[in-house]
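Peer 1: Take a look at the following structure, please.
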Amino acid sequence: MSSSSLRLGVNIDHVATLRNARGGKHPDPVRAALEAISAGADGITAHLREDRRHIRDADMERLKAEISKPLNFEMAATPDMVRIALAVKPHAVCLVPERREELTTEGGLDVVGQRESLEPSIARFSEAGVRVSLFIAADPKQIEMAAKLKAPVIELHTGAWCDAITDGDTAKAANEWQRIAAGARLAKSAGLEVHAGHGLDYATAETISALPEIMELNIGYYMIGEALFIGLSDTVRLMRAAMDRGRMQSKSAP
Ligand SMILES: CC(=O)[C@@H](O)[C@H](O)COP(=O)(O)O
Ligand SMILES: NCC(=O)COP(=O)(O)O
């Protein structure tokens with residue numbers, strides 16, 4: 001764990017995307033996880049998609065066995081995936097929405113609409129000592145339901161905010177930012193631990209790190225892309241530095 005109150009979880013999914021392109025063993029996502037940890041990552045995130053397009057079952061087993069920091073196992077809340085995750089027994093699971101045809105996780109999990117099916121899965125993980133996080137949009141109804149479902153953690157989906165910045169849509173970016181900032185406050189006041197992630201880069205990670213309610217950022221795609229140019233260790237160090245700069249701007253940071 002770093003000395004900062006804000007943890008960096010490095011998502012290594014897209015190392016596996018590259019490996020799978022040739023069907024071999026290189027580059028190894030577990031090696032990337034170990035290097036990220038050596039460079040200062042506080043945890044590793046990996047998403048076992050139902051279509052196994054990047055991370056595979058054996059990667060999850062090896063990550064659990066070989067890394068020294070918490071493993072955050074992202075997954076759809078299907079019976080099959082719940083069974084696999086309970087066998088791996090990671091530090092945490094993050095329940096995410098999944099559509100086979102999507103390019104990436106497009107939005108947050110609808111915990112309001114899926115309340116009844118989520119409740120037993122959350123209970124099973126909690127009984128097994130696996131911390132549950134719900135990957136949701138910064139929508140007050142979703143946040144309130146996450147608290148009712150007794151999930152200890154939510155991760156706010158930052159993709160729409162990051163996309164609006166990339167597209168130069170300043171009005172949308174400002175609106176999304178307000179939703180994230182208000183959502184983080186609401187979630188903290190409802191007793192939830194607040195994480196955030198999706199589409200973050202150095203600049204957006206620095207900005208969001210100024211929100212004192214946020215305890216963890218999970219970042220993958222941008223960092224793995226950056227690592228092609230400057231190496232993964234330096235990417236982790238630069239991301240950590242960006243987060244620390246952002247945190248310093250937070251007046252009420254602990
Ligand atoms: C849930 C989430 O935000 C990440 O797991 C992300 O989805 C990983 O990348 P892909 O969406 O490209 O699988
Ligand atoms: N939950 C978000 C995550 O793990 C990483 O998302 P991204 O940085 O790969 O978009």
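Residue numbers start at 1 in each chain; chains themselves are named A, B, ... in the order of the structure tokens; ligands are numbered from 1 in the order shown.
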Select the residues contacting ligand 2 at a distance of at most 7 Å, based on only C-alpha atoms and all ligand atoms, then format the selection as a ChimeraX atom specification.

Peer 2: /A:11,45-46,197-200,218-222

Peer 1: Deliver the residues from the most recent selection as a file, using C-alpha atoms, as a compact mmCIF listing (two decimals), in the first residue's frame.

Peer 2:
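The resulting file, part_15.txt, is reproduced below:
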```txt
# COMPACT_ATOMS: atom_id res chain seq x y z
CA ASN A 11 -5.92 -3.13 -14.86
CA THR A 45 -7.60 -5.34 -11.52
CA ALA A 46 -8.56 -7.90 -14.16
CA GLY A 197 -12.48 4.18 -13.18
CA HIS A 198 -12.84 3.70 -16.91
CA GLY A 199 -11.07 5.65 -19.63
CA LEU A 200 -8.85 7.61 -17.23
CA ASN A 218 -8.70 1.55 -11.43
CA ILE A 219 -6.89 2.34 -14.66
CA GLY A 220 -5.91 0.06 -17.51
CA TYR A 221 -6.29 0.75 -21.19
CA TYR A 222 -4.46 4.09 -21.28
```

Peer 1: Can you tell me which residues surround stretch 81-94 of chain A at a distance of at most 7 Å, considering only C-alpha atoms, apart from same-chain residues fewer than 3 positions away, and format the answer as a list in words?

Peer 2: Glu61, Lys64, Pro70, Leu71, Asn72, Phe73, Glu74, Met75, Ala76, Ala77, Thr78, Val130, Arg131, Val132, Ser133, Leu134 and Phe135 of chain A

Peer 1: Emit the selected residues as an mmCIF file, in the first residue's frame, including C-alpha atoms.

Peer 2:
```
data_model
loop_
_atom_site.group_PDB
_atom_site.id
_atom_site.type_symbol
_atom_site.label_atom_id
_atom_site.label_comp_id
_atom_site.auth_asym_id
_atom_site.auth_seq_id
_atom_site.Cartn_x
_atom_site.Cartn_y
_atom_site.Cartn_z
ATOM 1 C CA GLU A 61 -5.756 -18.290 -10.844
ATOM 2 C CA LYS A 64 -4.316 -14.847 -7.126
ATOM 3 C CA PRO A 70 -5.037 -7.179 -3.591
ATOM 4 C CA LEU A 71 -6.668 -8.690 -6.683
ATOM 5 C CA ASN A 72 -9.844 -6.971 -7.875
ATOM 6 C CA PHE A 73 -11.763 -9.509 -10.010
ATOM 7 C CA GLU A 74 -14.157 -7.747 -12.392
ATOM 8 C CA MET A 75 -17.056 -9.872 -13.609
ATOM 9 C CA ALA A 76 -20.652 -10.047 -14.744
ATOM 10 C CA ALA A 77 -22.897 -11.331 -11.954
ATOM 11 C CA THR A 78 -23.814 -14.579 -13.728
ATOM 12 C CA VAL A 130 -14.738 -11.265 -0.621
ATOM 13 C CA ARG A 131 -15.354 -7.511 -0.718
ATOM 14 C CA VAL A 132 -18.017 -6.523 -3.237
ATOM 15 C CA SER A 133 -17.872 -3.424 -5.382
ATOM 16 C CA LEU A 134 -20.653 -2.359 -7.776
ATOM 17 C CA PHE A 135 -19.564 -0.597 -10.977
#
```

Peer 1: Kindly compile the residues surrounding ligand 1 within 6 Å, counting only C-alpha atoms and all ligand atoms, and format them as a list of chain:residue names.

Peer 2: A:His47, A:Val96, A:Thr104, A:Thr105, A:His198

Peer 1: Which polymer residues have any atom within 12 Å of an atom of A:Ile214, counting only C-alpha atoms, with same-chain residues fewer than 4 positions away left out, as a PDB file with N, CA and C atoms, in the first residue's frame?

Peer 2:
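What landed in around-v3.pdb:
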```pdb
ATOM      1  N   SER A   4      -0.183   7.190   0.236  1.00  0.00           N
ATOM      2  CA  SER A   4      -1.297   8.061  -0.111  1.00  0.00           C
ATOM      3  C   SER A   4      -2.611   7.434   0.322  1.00  0.00           C
ATOM      4  N   SER A   5      -3.620   8.308   0.588  1.00  0.00           N
ATOM      5  CA  SER A   5      -4.949   7.807   0.925  1.00  0.00           C
ATOM      6  C   SER A   5      -5.680   7.338  -0.321  1.00  0.00           C
ATOM      7  N   LEU A   6      -5.099   7.545  -1.467  1.00  0.00           N
ATOM      8  CA  LEU A   6      -5.731   7.180  -2.731  1.00  0.00           C
ATOM      9  C   LEU A   6      -4.939   6.047  -3.379  1.00  0.00           C
ATOM     10  N   ARG A   7      -5.617   4.908  -3.574  1.00  0.00           N
ATOM     11  CA  ARG A   7      -4.918   3.730  -4.119  1.00  0.00           C
ATOM     12  C   ARG A   7      -5.014   3.703  -5.649  1.00  0.00           C
ATOM     13  N   LEU A   8      -3.990   3.134  -6.260  1.00  0.00           N
ATOM     14  CA  LEU A   8      -3.980   2.921  -7.711  1.00  0.00           C
ATOM     15  C   LEU A   8      -4.081   1.421  -7.990  1.00  0.00           C
ATOM     16  N   VAL A 153     -18.681  -1.182  -1.302  1.00  0.00           N
ATOM     17  CA  VAL A 153     -17.926  -0.303  -2.209  1.00  0.00           C
ATOM     18  C   VAL A 153     -18.718  -0.080  -3.498  1.00  0.00           C
ATOM     19  N   ILE A 154     -18.615   1.134  -4.051  1.00  0.00           N
ATOM     20  CA  ILE A 154     -19.039   1.341  -5.437  1.00  0.00           C
ATOM     21  C   ILE A 154     -17.844   1.877  -6.222  1.00  0.00           C
ATOM     22  N   GLU A 155     -17.842   1.580  -7.522  1.00  0.00           N
ATOM     23  CA  GLU A 155     -16.871   2.208  -8.427  1.00  0.00           C
ATOM     24  C   GLU A 155     -17.683   3.022  -9.431  1.00  0.00           C
ATOM     25  N   LEU A 156     -17.433   4.319  -9.459  1.00  0.00           N
ATOM     26  CA  LEU A 156     -18.165   5.194 -10.383  1.00  0.00           C
ATOM     27  C   LEU A 156     -17.558   5.083 -11.777  1.00  0.00           C
ATOM     28  N   ILE A 180     -20.307  13.182 -11.242  1.00  0.00           N
ATOM     29  CA  ILE A 180     -19.331  12.342 -10.531  1.00  0.00           C
ATOM     30  C   ILE A 180     -19.033  12.930  -9.143  1.00  0.00           C
ATOM     31  N   ALA A 181     -18.812  14.241  -9.109  1.00  0.00           N
ATOM     32  CA  ALA A 181     -18.473  14.878  -7.821  1.00  0.00           C
ATOM     33  C   ALA A 181     -19.632  14.748  -6.832  1.00  0.00           C
ATOM     34  N   ALA A 182     -20.864  14.997  -7.314  1.00  0.00           N
ATOM     35  CA  ALA A 182     -22.040  14.885  -6.428  1.00  0.00           C
ATOM     36  C   ALA A 182     -22.266  13.431  -6.035  1.00  0.00           C
ATOM     37  N   GLY A 183     -22.058  12.520  -6.992  1.00  0.00           N
ATOM     38  CA  GLY A 183     -22.241  11.091  -6.709  1.00  0.00           C
ATOM     39  C   GLY A 183     -21.258  10.600  -5.658  1.00  0.00           C
ATOM     40  N   ALA A 184     -20.030  11.063  -5.746  1.00  0.00           N
ATOM     41  CA  ALA A 184     -19.019  10.647  -4.764  1.00  0.00           C
ATOM     42  C   ALA A 184     -19.414  11.133  -3.365  1.00  0.00           C
ATOM     43  N   ARG A 185     -19.922  12.360  -3.288  1.00  0.00           N
ATOM     44  CA  ARG A 185     -20.343  12.895  -1.973  1.00  0.00           C
ATOM     45  C   ARG A 185     -21.521  12.099  -1.422  1.00  0.00           C
ATOM     46  N   LEU A 186     -22.512  11.848  -2.281  1.00  0.00           N
ATOM     47  CA  LEU A 186     -23.702  11.106  -1.846  1.00  0.00           C
ATOM     48  C   LEU A 186     -23.317   9.701  -1.366  1.00  0.00           C
ATOM     49  N   ALA A 187     -22.464   9.045  -2.139  1.00  0.00           N
ATOM     50  CA  ALA A 187     -22.077   7.672  -1.794  1.00  0.00           C
ATOM     51  C   ALA A 187     -21.343   7.634  -0.461  1.00  0.00           C
ATOM     52  N   LYS A 188     -20.429   8.573  -0.276  1.00  0.00           N
ATOM     53  CA  LYS A 188     -19.687   8.595   1.004  1.00  0.00           C
ATOM     54  C   LYS A 188     -20.649   8.833   2.158  1.00  0.00           C
ATOM     55  N   LEU A 192     -20.756   4.339   1.818  1.00  0.00           N
ATOM     56  CA  LEU A 192     -20.057   3.511   0.829  1.00  0.00           C
ATOM     57  C   LEU A 192     -18.613   3.972   0.656  1.00  0.00           C
ATOM     58  N   GLU A 193     -17.704   3.023   0.411  1.00  0.00           N
ATOM     59  CA  GLU A 193     -16.353   3.403  -0.017  1.00  0.00           C
ATOM     60  C   GLU A 193     -16.434   3.664  -1.522  1.00  0.00           C
ATOM     61  N   VAL A 194     -15.801   4.756  -1.961  1.00  0.00           N
ATOM     62  CA  VAL A 194     -15.973   5.176  -3.354  1.00  0.00           C
ATOM     63  C   VAL A 194     -14.683   4.989  -4.158  1.00  0.00           C
ATOM     64  N   HIS A 195     -14.826   4.243  -5.257  1.00  0.00           N
ATOM     65  CA  HIS A 195     -13.746   4.088  -6.231  1.00  0.00           C
ATOM     66  C   HIS A 195     -14.217   4.691  -7.549  1.00  0.00           C
ATOM     67  N   ALA A 196     -13.302   4.825  -8.509  1.00  0.00           N
ATOM     68  CA  ALA A 196     -13.698   5.344  -9.814  1.00  0.00           C
ATOM     69  C   ALA A 196     -12.791   4.744 -10.875  1.00  0.00           C
ATOM     70  N   GLY A 197     -13.302   4.678 -12.096  1.00  0.00           N
ATOM     71  CA  GLY A 197     -12.476   4.176 -13.183  1.00  0.00           C
ATOM     72  C   GLY A 197     -13.229   4.067 -14.481  1.00  0.00           C
ATOM     73  N   ALA A 205      -7.044  11.462 -14.406  1.00  0.00           N
ATOM     74  CA  ALA A 205      -6.733  10.869 -13.088  1.00  0.00           C
ATOM     75  C   ALA A 205      -6.317  11.968 -12.111  1.00  0.00           C
ATOM     76  N   THR A 207      -7.245  15.127 -12.196  1.00  0.00           N
ATOM     77  CA  THR A 207      -8.435  15.914 -11.832  1.00  0.00           C
ATOM     78  C   THR A 207      -9.288  15.185 -10.801  1.00  0.00           C
ATOM     79  N   ILE A 208      -9.576  13.928 -11.059  1.00  0.00           N
ATOM     80  CA  ILE A 208     -10.515  13.207 -10.180  1.00  0.00           C
ATOM     81  C   ILE A 208      -9.885  12.895  -8.815  1.00  0.00           C
ATOM     82  N   SER A 209      -8.572  12.883  -8.772  1.00  0.00           N
ATOM     83  CA  SER A 209      -7.904  12.624  -7.491  1.00  0.00           C
ATOM     84  C   SER A 209      -8.150  13.733  -6.479  1.00  0.00           C
ATOM     85  N   ALA A 210      -8.624  14.888  -6.958  1.00  0.00           N
ATOM     86  CA  ALA A 210      -8.924  15.995  -6.029  1.00  0.00           C
ATOM     87  C   ALA A 210     -10.225  15.764  -5.267  1.00  0.00           C
ATOM     88  N   ASN A 218      -9.119   2.715 -10.649  1.00  0.00           N
ATOM     89  CA  ASN A 218      -8.702   1.549 -11.429  1.00  0.00           C
ATOM     90  C   ASN A 218      -8.494   1.982 -12.871  1.00  0.00           C
ATOM     91  N   MET A 243      -1.760  11.350  -9.717  1.00  0.00           N
ATOM     92  CA  MET A 243      -2.768  11.200  -8.655  1.00  0.00           C
ATOM     93  C   MET A 243      -2.353  11.980  -7.405  1.00  0.00           C
ATOM     94  N   GLY A 246      -3.024  15.634  -7.915  1.00  0.00           N
ATOM     95  CA  GLY A 246      -4.461  15.897  -7.800  1.00  0.00           C
ATOM     96  C   GLY A 246      -4.914  15.886  -6.352  1.00  0.00           C
ATOM     97  N   ARG A 247      -4.391  14.913  -5.594  1.00  0.00           N
ATOM     98  CA  ARG A 247      -4.799  14.780  -4.188  1.00  0.00           C
ATOM     99  C   ARG A 247      -4.386  16.002  -3.377  1.00  0.00           C
ATOM    100  N   SER A 250      -6.834  18.696  -3.093  1.00  0.00           N
ATOM    101  CA  SER A 250      -8.063  18.402  -2.366  1.00  0.00           C
ATOM    102  C   SER A 250      -7.959  19.002  -0.975  1.00  0.00           C
ATOM    103  N   SER A 252      -9.992  18.995   1.574  1.00  0.00           N
ATOM    104  CA  SER A 252     -10.378  18.182   2.721  1.00  0.00           C
ATOM    105  C   SER A 252      -9.808  16.782   2.657  1.00  0.00           C
ATOM    106  N   ALA A 253      -8.758  16.589   1.881  1.00  0.00           N
ATOM    107  CA  ALA A 253      -8.174  15.250   1.803  1.00  0.00           C
ATOM    108  C   ALA A 253      -7.643  14.842   3.173  1.00  0.00           C
ATOM    109  N   PRO A 254      -7.851  13.533   3.544  1.00  0.00           N
ATOM    110  CA  PRO A 254      -7.367  13.113   4.866  1.00  0.00           C
ATOM    111  C   PRO A 254      -5.849  13.077   4.909  1.00  0.00           C
TER     112      PRO A 254
END
```

Peer 1: Using only C-alpha atoms, determine which residues lie at most 7 Å from stretch 234-241 of chain A, disregarding the query and same-chain residues fewer than 2 positions distant; provide the list as an NGL selection string.

Peer 2: :A and (36 or 39-41 or 202 or 223 or 226-227 or 230-232 or 243-245)

Peer 1: I need the helix (DSSP H, G or I) residues of stretch 52-205 of chain A per DSSP on the backbone, written as a VMD selection string.

Peer 2: chain A and resid 57 to 66 79 to 88 115 to 127 140 to 148 159 to 166 170 to 189 202 to 205

Peer 1: So how far away is atom CA of A:Arg100 from atom CA of A:Pro27, in Å?

Peer 2: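 So the answer is 24.4 Å.
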
Peer 1: Could you tell me which of A:Ala160, A:Ile67, A:Ala16, A:Leu95 comes closest to A:Arg52 if we count only C-alpha atoms?

Peer 2: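 The shortest atom-to-atom distance to A:Arg52 comes from A:Ala16.
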